[in-house]
$ cat protein_5.cif   # mmCIF, C-alpha atoms and all ligand atoms
data_protein
#
loop_
_atom_site.group_PDB
_atom_site.id
_atom_site.type_symbol
_atom_site.label_atom_id
_atom_site.label_comp_id
_atom_site.auth_asym_id
_atom_site.auth_seq_id
_atom_site.Cartn_x
_atom_site.Cartn_y
_atom_site.Cartn_z
ATOM 1 C CA MET A 265 0.000 0.000 0.000
ATOM 2 C CA ILE A 266 1.287 3.407 -0.949
ATOM 3 C CA ALA A 267 0.305 6.801 0.495
ATOM 4 C CA PRO A 268 1.943 9.205 -1.965
ATOM 5 C CA ALA A 269 3.020 12.665 -0.797
ATOM 6 C CA MET A 270 4.732 15.074 -3.149
ATOM 7 C CA ASN A 271 4.559 18.448 -4.837
ATOM 8 C CA ASN A 272 1.492 18.852 -7.058
ATOM 9 C CA GLY A 273 3.583 19.295 -10.206
ATOM 10 C CA MET A 274 5.429 16.065 -9.492
ATOM 11 C CA TRP A 275 2.155 14.238 -8.716
ATOM 12 C CA LYS A 276 0.511 15.378 -11.940
ATOM 13 C CA ALA A 277 3.550 14.616 -14.109
ATOM 14 C CA PRO A 278 2.691 12.037 -16.813
ATOM 15 C CA ALA A 279 5.586 9.805 -15.728
ATOM 16 C CA THR A 280 4.314 9.675 -12.123
ATOM 17 C CA GLN A 281 0.759 8.956 -13.265
ATOM 18 C CA ALA A 282 1.971 6.217 -15.625
ATOM 19 C CA ASN A 283 3.983 4.658 -12.793
ATOM 20 C CA MET A 284 0.976 4.817 -10.474
ATOM 21 C CA ALA A 285 -1.141 3.082 -13.133
ATOM 22 C CA THR A 286 1.475 0.339 -13.395
ATOM 23 C CA LEU A 287 1.497 -0.117 -9.613
ATOM 24 C CA ARG A 288 -2.312 -0.350 -9.530
ATOM 25 C CA GLU A 289 -2.185 -2.974 -12.297
ATOM 26 C CA HIS A 290 0.076 -4.982 -9.982
ATOM 27 C CA ASP A 291 -2.596 -4.773 -7.240
ATOM 28 C CA VAL A 292 -0.710 -2.209 -5.194
ATOM 29 C CA HIS A 293 -3.246 -0.203 -3.176
ATOM 30 C CA VAL A 294 -3.027 3.581 -3.146
ATOM 31 C CA VAL A 295 -4.380 5.915 -0.455
ATOM 32 C CA GLY A 296 -4.670 9.563 -1.479
ATOM 33 C CA PRO A 297 -3.001 11.883 -2.027
ATOM 34 C CA GLY A 298 -5.289 14.485 -0.487
ATOM 35 C CA SER A 299 -5.578 18.175 -1.284
ATOM 36 C CA GLY A 300 -4.502 21.120 0.851
ATOM 37 C CA TYR A 301 -1.297 22.771 1.997
ATOM 38 C CA LEU A 302 1.806 21.064 0.637
ATOM 39 C CA ALA A 303 5.262 21.219 2.230
ATOM 40 C CA CYS A 304 6.370 23.654 -0.486
ATOM 41 C CA GLY A 305 3.583 26.106 0.452
ATOM 42 C CA ASP A 306 1.349 25.448 -2.561
ATOM 43 C CA VAL A 307 -2.294 24.519 -2.006
ATOM 44 C CA ASP A 308 -3.098 21.646 -4.351
ATOM 45 C CA THR A 309 -3.258 17.853 -4.663
ATOM 46 C CA GLY A 310 -0.259 15.938 -3.335
ATOM 47 C CA ARG A 311 -0.758 16.030 0.420
ATOM 48 C CA MET A 312 -0.233 12.778 2.311
ATOM 49 C CA SER A 313 -3.558 11.309 3.462
ATOM 50 C CA GLU A 314 -4.369 11.733 7.141
ATOM 51 C CA PRO A 315 -2.853 8.903 9.241
ATOM 52 C CA GLU A 316 -6.358 7.813 10.406
ATOM 53 C CA ASP A 317 -7.424 7.427 6.773
ATOM 54 C CA ILE A 318 -4.296 5.406 5.957
ATOM 55 C CA VAL A 319 -4.945 3.099 8.933
ATOM 56 C CA GLU A 320 -8.583 2.684 7.877
ATOM 57 C CA ALA A 321 -7.563 1.892 4.291
ATOM 58 C CA VAL A 322 -5.025 -0.713 5.517
ATOM 59 C CA CYS A 323 -7.726 -2.310 7.712
ATOM 60 C CA GLU A 324 -10.094 -2.427 4.754
ATOM 61 C CA VAL A 325 -7.516 -4.253 2.636
ATOM 62 C CA LEU A 326 -6.650 -6.723 5.404
ATOM 63 C CA ASN A 327 -10.233 -7.287 6.546
ATOM 64 C CA PRO A 328 -12.652 -6.243 3.804
ATOM 65 C CA VAL A 329 -16.125 -5.238 4.961
ATOM 66 C CA GLN A 330 -19.010 -7.006 3.266
ATOM 67 C CA GLN A 331 -20.528 -4.555 0.754
ATOM 68 C CA ASP A 332 -24.114 -5.535 1.586
ATOM 69 C CA LEU A 333 -25.428 -1.987 1.125
ATOM 70 C CA ALA A 334 -23.756 -1.450 -2.261
ATOM 71 C CA GLY A 335 -25.918 0.663 -4.541
ATOM 72 C CA LYS A 336 -28.235 1.810 -1.736
ATOM 73 C CA ARG A 337 -28.603 5.544 -1.130
ATOM 74 C CA ILE A 338 -29.088 6.527 2.499
ATOM 75 C CA VAL A 339 -29.748 9.962 3.994
ATOM 76 C CA ILE A 340 -28.650 10.454 7.594
ATOM 77 C CA THR A 341 -29.342 13.495 9.756
ATOM 78 C CA ALA A 342 -26.974 14.061 12.663
ATOM 79 C CA GLY A 343 -25.886 16.508 15.308
ATOM 80 C CA PRO A 344 -27.724 19.371 16.956
ATOM 81 C CA THR A 345 -29.228 22.404 15.269
ATOM 82 C CA HIS A 346 -28.506 26.004 16.253
ATOM 83 C CA GLU A 347 -31.458 28.348 16.061
ATOM 84 C CA PRO A 348 -30.313 31.974 15.943
ATOM 85 C CA ILE A 349 -31.641 34.516 18.439
ATOM 86 C CA ASP A 350 -29.331 37.176 17.018
ATOM 87 C CA PRO A 351 -25.904 37.013 15.278
ATOM 88 C CA VAL A 352 -24.131 35.926 18.503
ATOM 89 C CA ARG A 353 -26.726 33.865 20.407
ATOM 90 C CA PHE A 354 -28.571 30.687 19.551
ATOM 91 C CA ILE A 355 -30.778 27.963 21.020
ATOM 92 C CA GLY A 356 -29.075 24.575 20.808
ATOM 93 C CA ASN A 357 -28.806 21.228 22.574
ATOM 94 C CA ARG A 358 -26.211 18.763 23.860
ATOM 95 C CA SER A 359 -26.003 16.481 20.807
ATOM 96 C CA SER A 360 -22.432 15.750 19.671
ATOM 97 C CA GLY A 361 -23.369 14.145 16.340
ATOM 98 C CA LYS A 362 -21.399 10.969 17.239
ATOM 99 C CA MET A 363 -24.264 8.505 16.640
ATOM 100 C CA GLY A 364 -25.223 9.864 13.211
ATOM 101 C CA ILE A 365 -21.582 10.180 12.161
ATOM 102 C CA ALA A 366 -20.993 6.532 13.206
ATOM 103 C CA LEU A 367 -24.024 5.515 11.123
ATOM 104 C CA ALA A 368 -22.755 7.427 8.107
ATOM 105 C CA GLY A 369 -19.274 5.903 8.415
ATOM 106 C CA GLU A 370 -20.532 2.309 8.824
ATOM 107 C CA ALA A 371 -23.067 2.668 5.978
ATOM 108 C CA ALA A 372 -20.332 3.975 3.661
ATOM 109 C CA ARG A 373 -18.010 1.115 4.707
ATOM 110 C CA ARG A 374 -20.781 -1.329 3.786
ATOM 111 C CA GLY A 375 -21.034 0.206 0.325
ATOM 112 C CA ALA A 376 -23.939 2.646 0.631
ATOM 113 C CA VAL A 377 -23.933 6.066 -1.011
ATOM 114 C CA VAL A 378 -24.412 8.255 2.043
ATOM 115 C CA THR A 379 -25.559 11.853 2.325
ATOM 116 C CA LEU A 380 -24.945 13.095 5.842
ATOM 117 C CA VAL A 381 -26.925 16.205 6.755
ATOM 118 C CA LEU A 382 -24.897 17.429 9.685
ATOM 119 C CA GLY A 383 -25.616 20.146 12.214
ATOM 120 C CA PRO A 384 -22.843 22.121 13.933
ATOM 121 C CA THR A 385 -20.225 19.793 15.451
ATOM 122 C CA SER A 386 -16.455 19.715 15.766
ATOM 123 C CA LEU A 387 -16.262 16.042 14.727
ATOM 124 C CA ASP A 388 -14.812 14.903 11.401
ATOM 125 C CA VAL A 389 -16.918 13.570 8.550
ATOM 126 C CA PRO A 390 -16.071 9.892 7.809
ATOM 127 C CA ARG A 391 -14.297 8.963 4.601
ATOM 128 C CA GLY A 392 -16.461 8.366 1.565
ATOM 129 C CA VAL A 393 -19.460 10.251 2.947
ATOM 130 C CA GLU A 394 -21.010 13.237 1.182
ATOM 131 C CA CYS A 395 -21.759 15.835 3.839
ATOM 132 C CA VAL A 396 -24.132 18.800 3.738
ATOM 133 C CA HIS A 397 -23.334 21.107 6.652
ATOM 134 C CA VAL A 398 -26.325 22.933 8.107
ATOM 135 C CA GLN A 399 -26.964 25.154 11.107
ATOM 136 C CA THR A 400 -30.727 25.372 11.616
ATOM 137 C CA ALA A 401 -33.706 22.997 11.649
ATOM 138 C CA SER A 402 -35.094 24.613 8.509
ATOM 139 C CA GLU A 403 -31.762 24.192 6.658
ATOM 140 C CA MET A 404 -31.657 20.556 7.830
ATOM 141 C CA LEU A 405 -35.226 19.974 6.580
ATOM 142 C CA LYS A 406 -34.407 21.431 3.153
ATOM 143 C CA ALA A 407 -31.195 19.404 2.734
ATOM 144 C CA ALA A 408 -32.774 16.163 4.005
ATOM 145 C CA LEU A 409 -35.832 16.488 1.733
ATOM 146 C CA SER A 410 -33.638 17.207 -1.262
ATOM 147 C CA ALA A 411 -31.333 14.222 -0.644
ATOM 148 C CA PHE A 412 -34.307 11.950 0.119
ATOM 149 C CA GLN A 413 -35.757 12.470 -3.395
ATOM 150 C CA THR A 414 -33.304 9.919 -4.808
ATOM 151 C CA ALA A 415 -32.669 7.867 -1.638
ATOM 152 C CA ASP A 416 -33.750 4.359 -0.614
ATOM 153 C CA ALA A 417 -33.795 5.073 3.106
ATOM 154 C CA ALA A 418 -33.328 7.744 5.747
ATOM 155 C CA VAL A 419 -32.119 7.548 9.322
ATOM 156 C CA CYS A 420 -32.870 10.620 11.449
ATOM 157 C CA ALA A 421 -30.323 10.704 14.251
ATOM 158 C CA ALA A 422 -30.213 14.488 14.611
ATOM 159 C CA ALA A 423 -31.373 16.239 17.747
ATOM 160 C CA VAL A 424 -33.402 18.855 15.930
ATOM 161 C CA ALA A 425 -34.542 21.919 17.874
ATOM 162 C CA ASP A 426 -38.285 21.684 18.389
ATOM 163 C CA TYR A 427 -38.676 25.460 18.488
ATOM 164 C CA THR A 428 -36.910 28.358 16.785
ATOM 165 C CA PRO A 429 -37.033 32.110 17.481
ATOM 166 C CA ALA A 430 -39.896 33.620 15.483
ATOM 167 C CA ALA A 431 -37.923 36.699 14.439
ATOM 168 C CA PRO A 432 -34.144 36.419 14.896
ATOM 169 C CA ALA A 433 -32.553 39.866 15.239
ATOM 170 C CA ASP A 434 -30.102 40.981 12.547
ATOM 171 C CA HIS A 435 -27.931 42.752 15.152
ATOM 172 C CA LYS A 436 -26.697 41.791 18.607
ATOM 173 C CA LEU A 437 -29.519 42.441 21.065
ATOM 174 C CA LYS A 438 -28.494 44.778 23.921
ATOM 175 C CA LYS A 439 -29.830 43.687 27.282
ATOM 176 C CA ALA A 440 -30.114 47.260 28.525
ATOM 177 C CA ASN A 441 -32.703 48.367 26.011
ATOM 178 C CA GLU A 442 -33.977 45.300 24.147
ATOM 179 C CA ARG A 443 -36.028 42.299 25.257
ATOM 180 C CA LEU A 444 -33.918 39.262 26.008
ATOM 181 C CA ASP A 445 -36.063 37.811 28.780
ATOM 182 C CA ARG A 446 -38.845 36.806 26.402
ATOM 183 C CA ILE A 447 -38.101 35.286 23.029
ATOM 184 C CA GLU A 448 -41.078 34.334 20.917
ATOM 185 C CA LEU A 449 -40.683 30.831 19.506
ATOM 186 C CA VAL A 450 -42.351 28.957 16.666
ATOM 187 C CA GLU A 451 -42.384 25.173 16.256
ATOM 188 C CA THR A 452 -40.015 23.674 13.673
ATOM 189 C CA VAL A 453 -41.129 21.141 11.076
ATOM 190 C CA ASP A 454 -40.652 17.537 12.222
ATOM 191 C CA ILE A 455 -38.163 16.251 9.620
ATOM 192 C CA LEU A 456 -38.647 12.585 10.554
ATOM 193 C CA ALA A 457 -42.441 12.869 10.255
ATOM 194 C CA GLU A 458 -42.144 14.738 6.946
ATOM 195 C CA LEU A 459 -39.762 12.138 5.434
ATOM 196 C CA SER A 460 -42.075 9.360 6.687
ATOM 197 C CA ARG A 461 -45.052 11.084 5.019
ATOM 198 C CA GLN A 462 -43.176 11.123 1.695
ATOM 199 C CA LYS A 463 -41.510 7.734 1.957
ATOM 200 C CA GLY A 464 -43.880 5.433 0.030
ATOM 201 C CA ASP A 465 -42.304 1.968 0.243
ATOM 202 C CA ARG A 466 -38.902 3.346 1.245
ATOM 203 C CA LEU A 467 -37.579 2.997 4.796
ATOM 204 C CA VAL A 468 -37.300 5.680 7.456
ATOM 205 C CA ILE A 469 -35.831 5.115 10.907
ATOM 206 C CA GLY A 470 -35.878 7.640 13.736
ATOM 207 C CA PHE A 471 -34.424 7.984 17.193
ATOM 208 C CA ALA A 472 -35.965 8.899 20.509
ATOM 209 C CA ALA A 473 -33.895 10.525 23.217
ATOM 210 C CA GLU A 474 -35.670 9.931 26.520
ATOM 211 C CA THR A 475 -34.858 10.230 30.211
ATOM 212 C CA ASP A 476 -37.829 8.176 31.478
ATOM 213 C CA ASN A 477 -40.534 5.806 30.170
ATOM 214 C CA VAL A 478 -38.099 5.178 27.304
ATOM 215 C CA VAL A 479 -39.917 2.388 25.471
ATOM 216 C CA GLU A 480 -43.427 3.737 26.024
ATOM 217 C CA TYR A 481 -42.526 7.199 24.659
ATOM 218 C CA ALA A 482 -40.716 5.588 21.715
ATOM 219 C CA GLU A 483 -43.784 3.492 20.859
ATOM 220 C CA ARG A 484 -45.883 6.677 20.804
ATOM 221 C CA LYS A 485 -43.306 8.379 18.562
ATOM 222 C CA LEU A 486 -43.367 5.427 16.147
ATOM 223 C CA THR A 487 -47.123 5.865 15.657
ATOM 224 C CA ARG A 488 -47.105 9.685 15.690
ATOM 225 C CA LYS A 489 -44.265 10.051 13.185
ATOM 226 C CA GLY A 490 -45.202 7.141 10.896
ATOM 227 C CA CYS A 491 -41.669 5.778 10.498
ATOM 228 C CA ASP A 492 -40.601 2.109 10.243
ATOM 229 C CA ALA A 493 -38.664 1.926 13.503
ATOM 230 C CA ILE A 494 -37.498 4.055 16.399
ATOM 231 C CA ILE A 495 -34.168 3.551 18.132
ATOM 232 C CA ALA A 496 -34.955 4.545 21.693
ATOM 233 C CA ASN A 497 -32.056 5.841 23.777
ATOM 234 C CA ASP A 498 -31.914 6.313 27.496
ATOM 235 C CA VAL A 499 -30.067 9.632 27.703
ATOM 236 C CA SER A 500 -30.251 9.747 31.509
ATOM 237 C CA ARG A 501 -27.504 7.085 31.862
ATOM 238 C CA ALA A 502 -23.802 7.889 32.077
ATOM 239 C CA ASP A 503 -23.060 5.293 29.356
ATOM 240 C CA SER A 504 -25.713 6.464 26.905
ATOM 241 C CA GLY A 505 -26.799 9.531 24.992
ATOM 242 C CA PHE A 506 -25.254 12.886 24.207
ATOM 243 C CA GLY A 507 -21.479 12.906 23.815
ATOM 244 C CA THR A 508 -20.890 9.345 25.110
ATOM 245 C CA ASP A 509 -19.099 6.651 23.082
ATOM 246 C CA THR A 510 -21.705 3.988 23.941
ATOM 247 C CA ASN A 511 -25.506 3.784 23.856
ATOM 248 C CA LYS A 512 -28.147 1.755 25.655
ATOM 249 C CA ALA A 513 -30.962 1.364 23.158
ATOM 250 C CA TRP A 514 -34.154 -0.455 22.274
ATOM 251 C CA ILE A 515 -35.395 -1.098 18.730
ATOM 252 C CA VAL A 516 -39.086 -0.248 18.627
ATOM 253 C CA SER A 517 -41.018 -1.232 15.499
ATOM 254 C CA ILE A 518 -44.406 -2.675 14.603
ATOM 255 C CA ALA A 519 -42.729 -6.101 14.841
ATOM 256 C CA GLY A 520 -42.201 -5.460 18.558
ATOM 257 C CA THR A 521 -39.548 -4.133 20.893
ATOM 258 C CA GLN A 522 -36.034 -5.501 21.160
ATOM 259 C CA GLU A 523 -33.737 -4.499 24.003
ATOM 260 C CA LEU A 524 -30.082 -4.172 22.999
ATOM 261 C CA PRO A 525 -27.075 -4.413 25.326
ATOM 262 C CA VAL A 526 -24.838 -1.369 25.855
ATOM 263 C CA LEU A 527 -23.019 -1.027 22.513
ATOM 264 C CA THR A 528 -20.408 1.343 21.142
ATOM 265 C CA LYS A 529 -21.944 3.816 18.699
ATOM 266 C CA PRO A 530 -20.296 2.101 15.665
ATOM 267 C CA GLN A 531 -21.669 -1.275 16.927
ATOM 268 C CA LEU A 532 -25.150 0.215 17.348
ATOM 269 C CA ALA A 533 -24.809 1.776 13.886
ATOM 270 C CA ASP A 534 -24.109 -1.670 12.405
ATOM 271 C CA THR A 535 -27.103 -3.144 14.263
ATOM 272 C CA ILE A 536 -29.347 -0.389 12.858
ATOM 273 C CA LEU A 537 -28.011 -1.014 9.330
ATOM 274 C CA ASP A 538 -28.700 -4.765 9.808
ATOM 275 C CA LEU A 539 -32.266 -3.776 10.768
ATOM 276 C CA LEU A 540 -32.563 -1.667 7.603
ATOM 277 C CA GLN A 541 -31.366 -4.653 5.551
ATOM 278 C CA ASN A 542 -33.874 -6.991 7.227
ATOM 279 C CA LEU A 543 -36.733 -4.533 6.713
HETATM 280 N N1 LIG A 601 -36.988 14.979 14.761
HETATM 281 C C1 LIG A 601 -36.950 15.590 13.521
HETATM 282 N N2 LIG A 601 -37.340 16.884 13.396
HETATM 283 C C2 LIG A 601 -37.771 17.586 14.470
HETATM 284 C C3 LIG A 601 -37.802 16.980 15.751
HETATM 285 C C4 LIG A 601 -37.396 15.660 15.859
HETATM 286 O O1 LIG A 601 -36.561 14.950 12.529
HETATM 287 N N3 LIG A 601 -38.137 18.856 14.309
HETATM 288 C C5 LIG A 601 -36.607 13.561 14.828
HETATM 289 C C6 LIG A 601 -35.264 13.279 15.504
HETATM 290 O O2 LIG A 601 -34.210 13.273 14.556
HETATM 291 C C7 LIG A 601 -35.491 11.874 16.082
HETATM 292 C C8 LIG A 601 -36.993 11.856 16.380
HETATM 293 O O3 LIG A 601 -37.572 12.912 15.610
HETATM 294 O O4 LIG A 601 -35.252 10.894 15.090
HETATM 295 C C9 LIG A 601 -37.367 12.033 17.823
HETATM 296 O O5 LIG A 601 -36.752 13.168 18.353
HETATM 297 P P1 LIG A 601 -36.972 13.542 19.878
HETATM 298 O O6 LIG A 601 -36.260 14.817 20.175
HETATM 299 O O7 LIG A 601 -36.690 12.343 20.742
HETATM 300 O O8 LIG A 601 -38.532 13.732 19.915
HETATM 301 P P2 LIG A 601 -39.493 14.943 19.641
HETATM 302 O O9 LIG A 601 -40.296 14.626 18.447
HETATM 303 O O10 LIG A 601 -38.734 16.214 19.611
HETATM 304 O O11 LIG A 601 -40.477 14.879 20.904
HETATM 305 P P3 LIG A 601 -40.196 15.286 22.433
HETATM 306 O O12 LIG A 601 -39.199 16.416 22.410
HETATM 307 O O13 LIG A 601 -41.530 15.674 22.928
HETATM 308 O O14 LIG A 601 -39.670 14.047 23.111
#
$ encode --input "protein_5.cif" --output "structure tokens"
Amino acid sequence: MIAPAMNNGMWKAPATQANMATLREHDVHVVGPGSGYLACGDVDTGRMSEPEDIVEAVCEVLNPVQQDLAGKRIVITAGPTHEPIDPVRFIGNRSSGKMGIALAGEAARRGAVVTLVLGPTSLDVPRGVECVHVQTASEMLKAALSAFQTADAAVCAAAVADYTPAAPADHKLKKANERLDRIELVETVDILAELSRQKGDRLVIGFAAETDNVVEYAERKLTRKGCDAIIANDVSRADSGFGTDTNKAWIVSIAGTQELPVLTKPQLADTILDLLQNL
């Protein structure tokens, strides 16, 4: 396996490209190069791939993942949304985006064409995933609906704000002479319910973040939102929910309720993708 790193002129030179073609013919695997700042100061193609990507590519060669979702198009929403009050303040929530990002990464590894509609987060987008970055619930709705037009399935893992300020200010509100103690809110569109309404015979899976009556509330959400399954999370536990690396979840569908053990988010992602396959 080769991870080339060189000046862009050298990389694009016909001799280099011909040599790379010869290496590929001999089943040598190539990772990258990426684009960005090069050692010489140019910004172009030729940058060594990130070490994490090289490790992942090596793992894929040594232990290939079954491409059971090849050809399937999946839309995944992830992360929180930020609803602006004014240019410096927003209403948000504690979602890190980890669960949806894990889903996107695992789905791509299993061969799916993934569009990740991602709210504000500092986490990286997995390799091979097309990402649409959004800030607000209404931007997330627009991007998810657009990607869903040509998709086979959607998984809504985002923690979408339920309410947004009715009239965000275009300047920073001053507490001395403007109202900051009462912000009028309007309800956002439920993206999961809207995708479920449009789904036809396609599949839509949602999440439920609950602190109590986890399964009962999830069952109600399944009916109210009209999706195929709800992954119910107990976000009151230290090992589950926002920002953690593991989740304690239940799969709630019309087929019944299945309790899952505490799983890492990538393991839970794989279980959810298995569910999609079975459905
Ligand atoms: N969801 C969505 N759009 C919204 C609100 C929620 O797509 N405007 C989706 C979430 O992505 C998740 C599911 O609906 O898949 C449930 O989200 P949750 O916050 O648990 O439930 P709510 O519908 O907001 O209900 P409540 O806050 O009363 O629990």
$ resolve_selection --input "protein_5.cif" --expression "the PyMOL selection byres (((not hetatm)) within 8 of (chain A and resi 601))" --output "mmCIF file with C-alpha atoms, keeping the file's coordinate frame"
data_model
loop_
_atom_site.group_PDB
_atom_site.id
_atom_site.type_symbol
_atom_site.label_atom_id
_atom_site.label_comp_id
_atom_site.auth_asym_id
_atom_site.auth_seq_id
_atom_site.Cartn_x
_atom_site.Cartn_y
_atom_site.Cartn_z
ATOM 1 C CA THR A 341 -29.342 13.495 9.756
ATOM 2 C CA ALA A 342 -26.974 14.061 12.663
ATOM 3 C CA ALA A 401 -33.706 22.997 11.649
ATOM 4 C CA LEU A 405 -35.226 19.974 6.580
ATOM 5 C CA VAL A 419 -32.119 7.548 9.322
ATOM 6 C CA CYS A 420 -32.870 10.620 11.449
ATOM 7 C CA ALA A 421 -30.323 10.704 14.251
ATOM 8 C CA ALA A 422 -30.213 14.488 14.611
ATOM 9 C CA ALA A 423 -31.373 16.239 17.747
ATOM 10 C CA VAL A 424 -33.402 18.855 15.930
ATOM 11 C CA ALA A 425 -34.542 21.919 17.874
ATOM 12 C CA ASP A 426 -38.285 21.684 18.389
ATOM 13 C CA TYR A 427 -38.676 25.460 18.488
ATOM 14 C CA GLU A 451 -42.384 25.173 16.256
ATOM 15 C CA THR A 452 -40.015 23.674 13.673
ATOM 16 C CA VAL A 453 -41.129 21.141 11.076
ATOM 17 C CA ASP A 454 -40.652 17.537 12.222
ATOM 18 C CA ILE A 455 -38.163 16.251 9.620
ATOM 19 C CA LEU A 456 -38.647 12.585 10.554
ATOM 20 C CA ALA A 457 -42.441 12.869 10.255
ATOM 21 C CA GLU A 458 -42.144 14.738 6.946
ATOM 22 C CA ILE A 469 -35.831 5.115 10.907
ATOM 23 C CA GLY A 470 -35.878 7.640 13.736
ATOM 24 C CA PHE A 471 -34.424 7.984 17.193
ATOM 25 C CA ALA A 472 -35.965 8.899 20.509
ATOM 26 C CA ALA A 473 -33.895 10.525 23.217
ATOM 27 C CA GLU A 474 -35.670 9.931 26.520
ATOM 28 C CA TYR A 481 -42.526 7.199 24.659
ATOM 29 C CA ALA A 482 -40.716 5.588 21.715
ATOM 30 C CA LYS A 485 -43.306 8.379 18.562
ATOM 31 C CA LYS A 489 -44.265 10.051 13.185
ATOM 32 C CA ILE A 494 -37.498 4.055 16.399
#
$ residues_near_point --input "protein_5.cif" --point "(-20.8, 15.4, 15.8)" --cutoff "6 Å" --atoms "all atoms listed in the file" --output "CSV table (one decimal) with C-alpha atoms, keeping the file's coordinate frame"
chain,number,residue,atom,x,y,z
A,343,GLY,CA,-25.9,16.5,15.3
A,360,SER,CA,-22.4,15.8,19.7
A,361,GLY,CA,-23.4,14.1,16.3
A,362,LYS,CA,-21.4,11.0,17.2
A,385,THR,CA,-20.2,19.8,15.5
A,387,LEU,CA,-16.3,16.0,14.7
$ atom_distance --input "protein_5.cif" --atom1 "CA of Ile515 in chain A" --atom2 "CA of Arg358 in chain A"
22.5 Å
$ closest_residue --input "protein_5.cif" --among "A:Asn497, A:Ser504, A:Thr379, A:Gln399" --to "Ile365 in chain A" --atoms "only C-alpha atoms"
A:Thr379
$ closest_residue --input "protein_5.cif" --among "A:Ala285, A:Val396, A:Ala269, A:Met363" --to "Ser299 in chain A" --atoms "all atoms listed in the file"
A:Ala269
$ resolve_selection --input "protein_5.cif" --expression "the PyMOL selection byres (((chain A and resi 389) around 12) and not hetatm)" --output "PyMOL selection string"
chain A and resi 317+342-343+361-362+364-370+372+378-388+390-397
$ axis_aligned_box --input "protein_5.cif" --around "range 419-429 of chain A" --padding-each-side "3 Å" --output "JSON"
{"center_x": -34.4, "center_y": 19.8, "center_z": 13.9, "size_x": 14.5, "size_y": 30.6, "size_z": 15.2}
$ residues_near_point --input "protein_5.cif" --point "(-1.8, 6.1, 2.9)" --cutoff "10 Å" --atoms "all atoms listed in the file" --output "CSV table (one decimal) with C-alpha atoms, in the frame of the given file"
chain,number,residue,atom,x,y,z
A,265,MET,CA,0.0,0.0,0.0
A,266,ILE,CA,1.3,3.4,-0.9
A,267,ALA,CA,0.3,6.8,0.5
A,268,PRO,CA,1.9,9.2,-2.0
A,269,ALA,CA,3.0,12.7,-0.8
A,293,HIS,CA,-3.2,-0.2,-3.2
A,294,VAL,CA,-3.0,3.6,-3.1
A,295,VAL,CA,-4.4,5.9,-0.5
A,296,GLY,CA,-4.7,9.6,-1.5
A,297,PRO,CA,-3.0,11.9,-2.0
A,298,GLY,CA,-5.3,14.5,-0.5
A,312,MET,CA,-0.2,12.8,2.3
A,313,SER,CA,-3.6,11.3,3.5
A,314,GLU,CA,-4.4,11.7,7.1
A,315,PRO,CA,-2.9,8.9,9.2
A,316,GLU,CA,-6.4,7.8,10.4
A,317,ASP,CA,-7.4,7.4,6.8
A,318,ILE,CA,-4.3,5.4,6.0
A,319,VAL,CA,-4.9,3.1,8.9
A,320,GLU,CA,-8.6,2.7,7.9
A,321,ALA,CA,-7.6,1.9,4.3
A,322,VAL,CA,-5.0,-0.7,5.5
$ atom_distance --input "protein_5.cif" --atom1 "CA of Thr345 in chain A" --atom2 "CA of Ser359 in chain A"
8.7 Å
$ atom_distance --input "protein_5.cif" --atom1 "CA of Thr521 in chain A" --atom2 "CA of Ala418 in chain A"
20.2 Å
$ residues_around --input "protein_5.cif" --residues "Leu437 in chain A" --least-positions-apart "3" --cutoff "12 Å" --atoms "only C-alpha atoms" --output "PDB file with C-alpha atoms, in the coordinates of the input"
ATOM      1  CA  PRO A 348     -30.313  31.974  15.943  1.00  0.00           C
ATOM      2  CA  ILE A 349     -31.641  34.516  18.439  1.00  0.00           C
ATOM      3  CA  ASP A 350     -29.331  37.176  17.018  1.00  0.00           C
ATOM      4  CA  PRO A 351     -25.904  37.013  15.278  1.00  0.00           C
ATOM      5  CA  VAL A 352     -24.131  35.926  18.503  1.00  0.00           C
ATOM      6  CA  ARG A 353     -26.726  33.865  20.407  1.00  0.00           C
ATOM      7  CA  PHE A 354     -28.571  30.687  19.551  1.00  0.00           C
ATOM      8  CA  PRO A 432     -34.144  36.419  14.896  1.00  0.00           C
ATOM      9  CA  ALA A 433     -32.553  39.866  15.239  1.00  0.00           C
ATOM     10  CA  ASP A 434     -30.102  40.981  12.547  1.00  0.00           C
ATOM     11  CA  ALA A 440     -30.114  47.260  28.525  1.00  0.00           C
ATOM     12  CA  ASN A 441     -32.703  48.367  26.011  1.00  0.00           C
ATOM     13  CA  GLU A 442     -33.977  45.300  24.147  1.00  0.00           C
ATOM     14  CA  ARG A 443     -36.028  42.299  25.257  1.00  0.00           C
ATOM     15  CA  LEU A 444     -33.918  39.262  26.008  1.00  0.00           C
ATOM     16  CA  ASP A 445     -36.063  37.811  28.780  1.00  0.00           C
ATOM     17  CA  ILE A 447     -38.101  35.286  23.029  1.00  0.00           C
TER      18      ILE A 447
END
$ closest_residue --input "protein_5.cif" --among "A:Lys276, A:Ser402, A:Thr535, A:Gln541" --to "Ala334 in chain A" --atoms "only C-alpha atoms"
A:Gln541
$ resolve_selection --input "protein_5.cif" --expression "the PyMOL selection byres (((chain A and resi 523-525) around 10) and not hetatm)" --output "PyMOL selection string"
chain A and resi 479+495-496+511-516+521-522+526-528+532+535
$ closest_residue --input "protein_5.cif" --among "A:Met270, A:Ala417, A:Ala430, A:Ala408" --to "Cys491 in chain A" --atoms "all atoms listed in the file"
A:Ala417
$ residues_around --input "protein_5.cif" --residues "Gly305 in chain A" --least-positions-apart "5" --cutoff "12 Å" --atoms "all atoms listed in the file" --output "number ranges by chain"
A: 270-272, 300, 310-311
$ closest_residue --input "protein_5.cif" --among "A:Val325, A:Ile536, A:Val339, A:Leu543" --to "Leu459 in chain A" --atoms "only C-alpha atoms"
A:Val339
